[in-house]
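Notes for the one structure printed next.
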There are 2 protein chains.
Amino acid sequence: MSEQYTKTPRSTVNRLKARASYNHDMVHSIIDSAPVAHVSFNPTSFDEDPFPTILPMLAWTGSFTEPDAQETSATAIYLHGHAASRFMRLPETQKEDSGLPGVPVCVAATLFDGVVLALTPFNHSCNYRSAVVHGYAVTVTSPAEKMYALKLITDGLVPGRWDNSRVPPTAAEMTTTTVLRVDIVGASAKVRAYAPGNDRADLDDTEMRARVWTGILPAANQYGAPIPARENLVQNVPEYLATFVAKENVEGEEYARRVAGLPGPGKA
Amino acid sequence: MSEQYTKTPRSTVNRLKARASYNHDMVHSIIDSAPVAHVSFNPTSFDEDPFPTILPMLAWTGSFTEPDAQETSATAIYLHGHAASRFMRLPETQKEDSGLPGVPVCVAATLFDGVVLALTPFNHSCNYRSAVVHGYAVTVTSPAEKMYALKLITDGLVPGRWDNSRVPPTAAEMTTTTVLRVDIVGASAKVRAYAPGNDRADLDDTEMRARVWTGILPAANQYGAPIPARENLVQNVPEYLATFVAKENVEGEEYARRVAGLPGPGKA
């Protein structure tokens, strides 16, 4: 059994506990499988503006070791953006008297695996895999770690892409891009991956059941055939791209279909 | 031209302004097209816990008129959950001395439309449609509005599903479900929907361009064939379900493919 995140009041799943997990591997695999994550933070102090905000961002988990170091750091989440963006500048602009080791953020990633159509609307649901992570965002200042993170992010989009694109980066590219590392303080995952749950009373109503279809609409992100840009000079779609598309499509479709037939822990 | 949300410091898109929109229809259509939204809020006061949190939720826009009223209310976002859940109870438990008209929340929805593979990793991106809405969440107390919202939410999953499921709800179903309405105070959308943008210097490097494939991997949520539950008694997949699946699949795939070929406003 892999390592677990400690349950805290902040991270504990209160509803439908059977769907909850605090397993490192589960949390990290959801973050890394979702093409887009959502990052929440409080842009100013609560007194000035009580609204947290959300940015859709790329987010991948990683663990960096300085070339001369003995130990690999704990797994963190890496984010990036333009150096001039408000969010990327937040760790630098956060008031020093906050006493916090970074900007408190929440990173969430959700994979939508299907619509669950039960007999009553109130047992309707979705099949999904979601991870919610809390951590402190800090600016990555080590050049080696920044390069590690940018390769991680690029290869997160398509494995192998970094080495198959125009690298190394120019000095200007590195300067205008900021990388943030989210040091994780807590995390949880929640997964629903099974057939509809129906109430006994509804199942006993055979007249109604003859009218109301119950089951799952399995769903998955699917990639279409790669579309070359007008400026593209490479004749055939490279193997690493074709492999990625085929693998993602088959795995996503198969997962959604397989879990649609699994028995649940109980109703809904 | 349809109505616009007012630009405020909170809602103004600072980076890549060409991708921004404050158009009501654009914001609402993204919220309504995404199967899952992410809702962010501060569970306690900032002093007690500086972390906002995120819940993946169903969220649809709607506009309700009481049966005896003359005017239809402004468009809001409806959320629902178990009456005992922390988030659903937040409007009731929020300290009265907060002086706020509801719980400040942020609702974000993102549609992932493809991976943008430019020549340099630094011009990589995604095609996407995202909406970020700020508003005050309040408990829906009107029975008519609550029923309106629950139908809206069910039909948001699959149009026509409410009337084709076991309705009306039982008293227990209504009691154990809470509906929140998010009264919108600001919103923005951000859309990237075009071919890769490449730097002049990279385009001039024909030797590199002979190695590096540039283009788009179009992506869309796709539904598989509906999978009946073990308890299903309806022989054929009903027309409204088959139509929904076919329409979503064609529209999602066509949109991602179409925008992949559109010229952008400039680089990246």
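In the structure tokens, chains take the letters A, B, ... in the order shown, each chain's residues start at 1, and ligands count up from 1 in the order shown.
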List as a tab-separated table every residue of chain A that is in contact with chain B, defined as an atom at most 7 Å from one of its atoms (using only C-alpha atoms), together with the nearest atom pair and the distance in Å rounded to one decimal, sorted by chain and then rising number.
residue	atom	partner	partner_atom	distance
A:Arg15	CA	B:Ser85	CA	6.4
A:Ser40	CA	B:Pro52	CA	6.5
A:Phe41	CA	B:Pro52	CA	6.1
A:Phe46	CA	B:Phe46	CA	6.6
A:Pro50	CA	B:Pro104	CA	6.2
A:Phe51	CA	B:Pro104	CA	5.2
A:Pro52	CA	B:Phe41	CA	6.1
A:Thr53	CA	B:Cys106	CA	5.6
A:Ile54	CA	B:Ala108	CA	6.5
A:Ser85	CA	B:Arg15	CA	6.3
A:Pro104	CA	B:Phe51	CA	5.2
A:Val105	CA	B:Phe51	CA	6.0
A:Cys106	CA	B:Thr53	CA	5.6
A:Ala108	CA	B:Ile54	CA	6.5
A:Leu119	CA	B:Arg166	CA	5.6
A:Thr120	CA	B:Arg166	CA	4.7
A:Pro121	CA	B:Thr154	CA	6.4
A:Phe122	CA	B:Glu173	CA	6.7
A:Val132	CA	B:Ile54	CA	6.9
A:Thr154	CA	B:Pro121	CA	6.4
A:Trp162	CA	B:Pro121	CA	6.7
A:Asn164	CA	B:Val212	CA	6.1
A:Ser165	CA	B:Val212	CA	5.4
A:Arg166	CA	B:Thr120	CA	4.7
A:Val167	CA	B:Thr120	CA	6.8
A:Glu173	CA	B:Phe122	CA	6.7
A:Ala195	CA	B:Ala229	CA	6.3
A:Pro196	CA	B:Ala229	CA	6.7
A:Arg209	CA	B:Leu233	CA	5.8
A:Ala210	CA	B:Leu233	CA	5.3
A:Arg211	CA	B:Val234	CA	6.3
A:Val212	CA	B:Ser165	CA	5.4
A:Trp213	CA	B:Val234	CA	5.4
A:Thr214	CA	B:Asn232	CA	5.3
A:Gly215	CA	B:Pro228	CA	4.1
A:Ile216	CA	B:Ile227	CA	5.1
A:Leu217	CA	B:Pro226	CA	4.7
A:Pro218	CA	B:Gly224	CA	5.3
A:Ala219	CA	B:Tyr223	CA	4.3
A:Ala220	CA	B:Asn221	CA	5.5
A:Asn221	CA	B:Asn221	CA	4.3
A:Gln222	CA	B:Ala219	CA	5.6
A:Tyr223	CA	B:Ala219	CA	4.3
A:Gly224	CA	B:Pro218	CA	5.3
A:Ala225	CA	B:Leu217	CA	6.8
A:Pro226	CA	B:Leu217	CA	4.7
A:Ile227	CA	B:Ile216	CA	5.2
A:Pro228	CA	B:Gly215	CA	4.1
A:Ala229	CA	B:Gly215	CA	4.3
A:Asn232	CA	B:Thr214	CA	5.3
A:Leu233	CA	B:Ala210	CA	5.3
A:Val234	CA	B:Ala210	CA	5.4
| task | List every residue of stretch 41-251 of chain B that DSSP, applied to the backbone, labels as strand (DSSP E or B), and write the result as an NGL selection string. | result | :B and (41 or 53-57 or 60-62 or 76-82 or 103-117 or 125-139 or 177-192 or 215-223 or 227-228)
| message | One number please: atom CA of A:Thr61 to atom CA of A:Asp183, in Å, one decimal. | response | 10.3 Å
| message | At a cut-off of 10 Å, using only C-alpha atoms, what residues contact A:Ser21? Leave out same-chain residues fewer than 5 positions from it and give the result as an MDAnalysis selection string. | response | chainID A and resid 4:5 7 12:13 26:27 131 187:191
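Note that the spacing between atom CA of A:Ser29 and atom CA of A:Glu145 amounts to 21.4 Å.
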| query | Mind pulling up the distance from atom CA of B:Thr175 to atom CA of B:Lys146? | reply |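 Computing it gives 10.8 Å between the two atoms.
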Which residues are near B:Ala76? Cut-off 8 Å, only C-alpha atoms, ignore same chain within fewer than 3 positions. Put them as an mmCIF file with N, CA and C atoms, in the first residue's frame.
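Result written to part14.cif:
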data_model
loop_
_atom_site.group_PDB
_atom_site.id
_atom_site.type_symbol
_atom_site.label_atom_id
_atom_site.label_comp_id
_atom_site.auth_asym_id
_atom_site.auth_seq_id
_atom_site.Cartn_x
_atom_site.Cartn_y
_atom_site.Cartn_z
ATOM 1 N N THR B 61 -26.701 27.395 -15.579
ATOM 2 C CA THR B 61 -27.305 28.718 -15.437
ATOM 3 C C THR B 61 -28.813 28.620 -15.624
ATOM 4 N N GLY B 62 -29.522 29.474 -14.906
ATOM 5 C CA GLY B 62 -30.982 29.478 -15.011
ATOM 6 C C GLY B 62 -31.526 30.800 -14.544
ATOM 7 N N SER B 63 -32.785 30.992 -14.805
ATOM 8 C CA SER B 63 -33.440 32.259 -14.500
ATOM 9 C C SER B 63 -34.883 31.926 -14.172
ATOM 10 N N ARG B 181 -28.397 29.044 -4.980
ATOM 11 C CA ARG B 181 -28.384 29.898 -6.165
ATOM 12 C C ARG B 181 -27.218 30.869 -6.025
ATOM 13 N N VAL B 182 -26.389 30.934 -7.047
ATOM 14 C CA VAL B 182 -25.279 31.873 -7.044
ATOM 15 C C VAL B 182 -25.707 33.120 -7.815
ATOM 16 N N ASP B 183 -25.907 34.206 -7.089
ATOM 17 C CA ASP B 183 -26.251 35.481 -7.725
ATOM 18 C C ASP B 183 -24.963 36.115 -8.239
ATOM 19 N N ILE B 184 -24.897 36.258 -9.550
ATOM 20 C CA ILE B 184 -23.635 36.623 -10.208
ATOM 21 C C ILE B 184 -23.311 38.106 -10.005
#
| task | Looking only at alpha helix (DSSP H) from DSSP on the backbone, list the matching residues of stretch 127-228 of chain B as a list in words. | result |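 Assigned to alpha helix (DSSP H), within stretch 127-228 of chain B: Pro143, Ala144, Glu145, Lys146, Met147, Tyr148, Ala149, Leu150, Lys151, Leu152, Ile153, Thr154, Asp155, Gly156, Leu157, Ala171, Ala172, Glu173, Met174, Thr175, Thr176, Arg200, Ala201, Asp202, Leu203, Thr206, Glu207, Met208 and Arg209 of chain B.
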Residues as selected, N, CA, C and O atoms, written as an mmCIF file, in the first residue's frame, can you do that?
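For reference, out_30.cif as written:
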data_model
loop_
_atom_site.group_PDB
_atom_site.id
_atom_site.type_symbol
_atom_site.label_atom_id
_atom_site.label_comp_id
_atom_site.auth_asym_id
_atom_site.auth_seq_id
_atom_site.Cartn_x
_atom_site.Cartn_y
_atom_site.Cartn_z
ATOM 1 N N PRO B 143 -40.227 26.817 -2.640
ATOM 2 C CA PRO B 143 -40.423 25.455 -3.168
ATOM 3 C C PRO B 143 -40.496 25.431 -4.696
ATOM 4 O O PRO B 143 -39.969 24.511 -5.334
ATOM 5 N N ALA B 144 -41.126 26.446 -5.279
ATOM 6 C CA ALA B 144 -41.248 26.467 -6.740
ATOM 7 C C ALA B 144 -39.882 26.649 -7.403
ATOM 8 O O ALA B 144 -39.569 25.999 -8.408
ATOM 9 N N GLU B 145 -39.062 27.532 -6.819
ATOM 10 C CA GLU B 145 -37.736 27.743 -7.402
ATOM 11 C C GLU B 145 -36.845 26.511 -7.212
ATOM 12 O O GLU B 145 -36.061 26.160 -8.092
ATOM 13 N N LYS B 146 -37.004 25.859 -6.064
ATOM 14 C CA LYS B 146 -36.204 24.653 -5.812
ATOM 15 C C LYS B 146 -36.547 23.567 -6.830
ATOM 16 O O LYS B 146 -35.656 22.906 -7.386
ATOM 17 N N MET B 147 -37.835 23.401 -7.091
ATOM 18 C CA MET B 147 -38.260 22.404 -8.077
ATOM 19 C C MET B 147 -37.750 22.788 -9.468
ATOM 20 O O MET B 147 -37.273 21.927 -10.223
ATOM 21 N N TYR B 148 -37.847 24.073 -9.795
ATOM 22 C CA TYR B 148 -37.311 24.574 -11.072
ATOM 23 C C TYR B 148 -35.834 24.208 -11.216
ATOM 24 O O TYR B 148 -35.381 23.724 -12.263
ATOM 25 N N ALA B 149 -35.073 24.435 -10.138
ATOM 26 C CA ALA B 149 -33.627 24.212 -10.187
ATOM 27 C C ALA B 149 -33.292 22.726 -10.330
ATOM 28 O O ALA B 149 -32.375 22.360 -11.073
ATOM 29 N N LEU B 150 -34.026 21.881 -9.643
ATOM 30 C CA LEU B 150 -33.720 20.448 -9.710
ATOM 31 C C LEU B 150 -34.013 19.890 -11.098
ATOM 32 O O LEU B 150 -33.289 19.023 -11.605
ATOM 33 N N LYS B 151 -35.052 20.414 -11.722
ATOM 34 C CA LYS B 151 -35.344 20.013 -13.114
ATOM 35 C C LYS B 151 -34.240 20.551 -14.040
ATOM 36 O O LYS B 151 -33.760 19.850 -14.926
ATOM 37 N N LEU B 152 -33.846 21.805 -13.805
ATOM 38 C CA LEU B 152 -32.770 22.415 -14.608
ATOM 39 C C LEU B 152 -31.490 21.589 -14.533
ATOM 40 O O LEU B 152 -30.824 21.339 -15.547
ATOM 41 N N ILE B 153 -31.152 21.154 -13.326
ATOM 42 C CA ILE B 153 -29.922 20.396 -13.110
ATOM 43 C C ILE B 153 -30.002 19.022 -13.783
ATOM 44 O O ILE B 153 -29.070 18.588 -14.448
ATOM 45 N N THR B 154 -31.137 18.370 -13.635
ATOM 46 C CA THR B 154 -31.297 17.037 -14.240
ATOM 47 C C THR B 154 -31.276 17.128 -15.764
ATOM 48 O O THR B 154 -30.626 16.326 -16.444
ATOM 49 N N ASP B 155 -31.977 18.117 -16.291
ATOM 50 C CA ASP B 155 -31.989 18.305 -17.747
ATOM 51 C C ASP B 155 -30.650 18.848 -18.256
ATOM 52 O O ASP B 155 -30.368 18.771 -19.460
ATOM 53 N N GLY B 156 -29.842 19.403 -17.362
ATOM 54 C CA GLY B 156 -28.495 19.829 -17.735
ATOM 55 C C GLY B 156 -27.617 18.623 -18.062
ATOM 56 O O GLY B 156 -26.778 18.686 -18.953
ATOM 57 N N LEU B 157 -27.830 17.530 -17.331
ATOM 58 C CA LEU B 157 -27.062 16.309 -17.606
ATOM 59 C C LEU B 157 -27.454 15.735 -18.962
ATOM 60 O O LEU B 157 -26.613 15.401 -19.778
ATOM 61 N N ALA B 171 -41.170 13.462 -0.773
ATOM 62 C CA ALA B 171 -40.913 14.512 0.228
ATOM 63 C C ALA B 171 -39.507 14.345 0.813
ATOM 64 O O ALA B 171 -38.785 15.325 1.025
ATOM 65 N N ALA B 172 -39.114 13.092 1.044
ATOM 66 C CA ALA B 172 -37.783 12.845 1.625
ATOM 67 C C ALA B 172 -36.679 13.293 0.662
ATOM 68 O O ALA B 172 -35.666 13.861 1.090
ATOM 69 N N GLU B 173 -36.873 13.067 -0.613
ATOM 70 C CA GLU B 173 -35.863 13.491 -1.588
ATOM 71 C C GLU B 173 -35.691 15.014 -1.558
ATOM 72 O O GLU B 173 -34.573 15.526 -1.611
ATOM 73 N N MET B 174 -36.819 15.719 -1.474
ATOM 74 C CA MET B 174 -36.739 17.185 -1.448
ATOM 75 C C MET B 174 -36.073 17.678 -0.169
ATOM 76 O O MET B 174 -35.301 18.643 -0.186
ATOM 77 N N THR B 175 -36.351 17.031 0.943
ATOM 78 C CA THR B 175 -35.812 17.476 2.227
ATOM 79 C C THR B 175 -34.307 17.247 2.326
ATOM 80 O O THR B 175 -33.587 18.071 2.888
ATOM 81 N N THR B 176 -33.839 16.145 1.791
ATOM 82 C CA THR B 176 -32.416 15.826 1.946
ATOM 83 C C THR B 176 -31.547 16.508 0.897
ATOM 84 O O THR B 176 -30.329 16.366 0.911
ATOM 85 N N ARG B 200 8.850 34.127 -35.385
ATOM 86 C CA ARG B 200 9.523 34.340 -36.663
ATOM 87 C C ARG B 200 10.864 33.579 -36.724
ATOM 88 O O ARG B 200 11.183 32.908 -37.709
ATOM 89 N N ALA B 201 11.623 33.667 -35.636
ATOM 90 C CA ALA B 201 12.951 33.031 -35.613
ATOM 91 C C ALA B 201 12.837 31.516 -35.787
ATOM 92 O O ALA B 201 13.676 30.889 -36.453
ATOM 93 N N ASP B 202 11.801 30.924 -35.189
ATOM 94 C CA ASP B 202 11.612 29.476 -35.344
ATOM 95 C C ASP B 202 11.179 29.136 -36.764
ATOM 96 O O ASP B 202 11.608 28.127 -37.332
ATOM 97 N N LEU B 203 10.321 29.980 -37.335
ATOM 98 C CA LEU B 203 9.838 29.706 -38.695
ATOM 99 C C LEU B 203 10.980 29.811 -39.714
ATOM 100 O O LEU B 203 10.948 29.166 -40.757
ATOM 101 N N THR B 206 14.475 26.311 -41.017
ATOM 102 C CA THR B 206 13.847 25.213 -41.765
ATOM 103 C C THR B 206 14.457 23.854 -41.417
ATOM 104 O O THR B 206 13.774 22.831 -41.507
ATOM 105 N N GLU B 207 15.707 23.853 -41.004
ATOM 106 C CA GLU B 207 16.312 22.572 -40.592
ATOM 107 C C GLU B 207 15.577 22.007 -39.365
ATOM 108 O O GLU B 207 15.223 20.834 -39.313
ATOM 109 N N MET B 208 15.326 22.889 -38.383
ATOM 110 C CA MET B 208 14.584 22.468 -37.190
ATOM 111 C C MET B 208 13.158 22.086 -37.566
ATOM 112 O O MET B 208 12.611 21.092 -37.083
ATOM 113 N N ARG B 209 12.548 22.871 -38.457
ATOM 114 C CA ARG B 209 11.151 22.599 -38.838
ATOM 115 C C ARG B 209 10.997 21.266 -39.564
ATOM 116 O O ARG B 209 9.903 20.694 -39.587
#
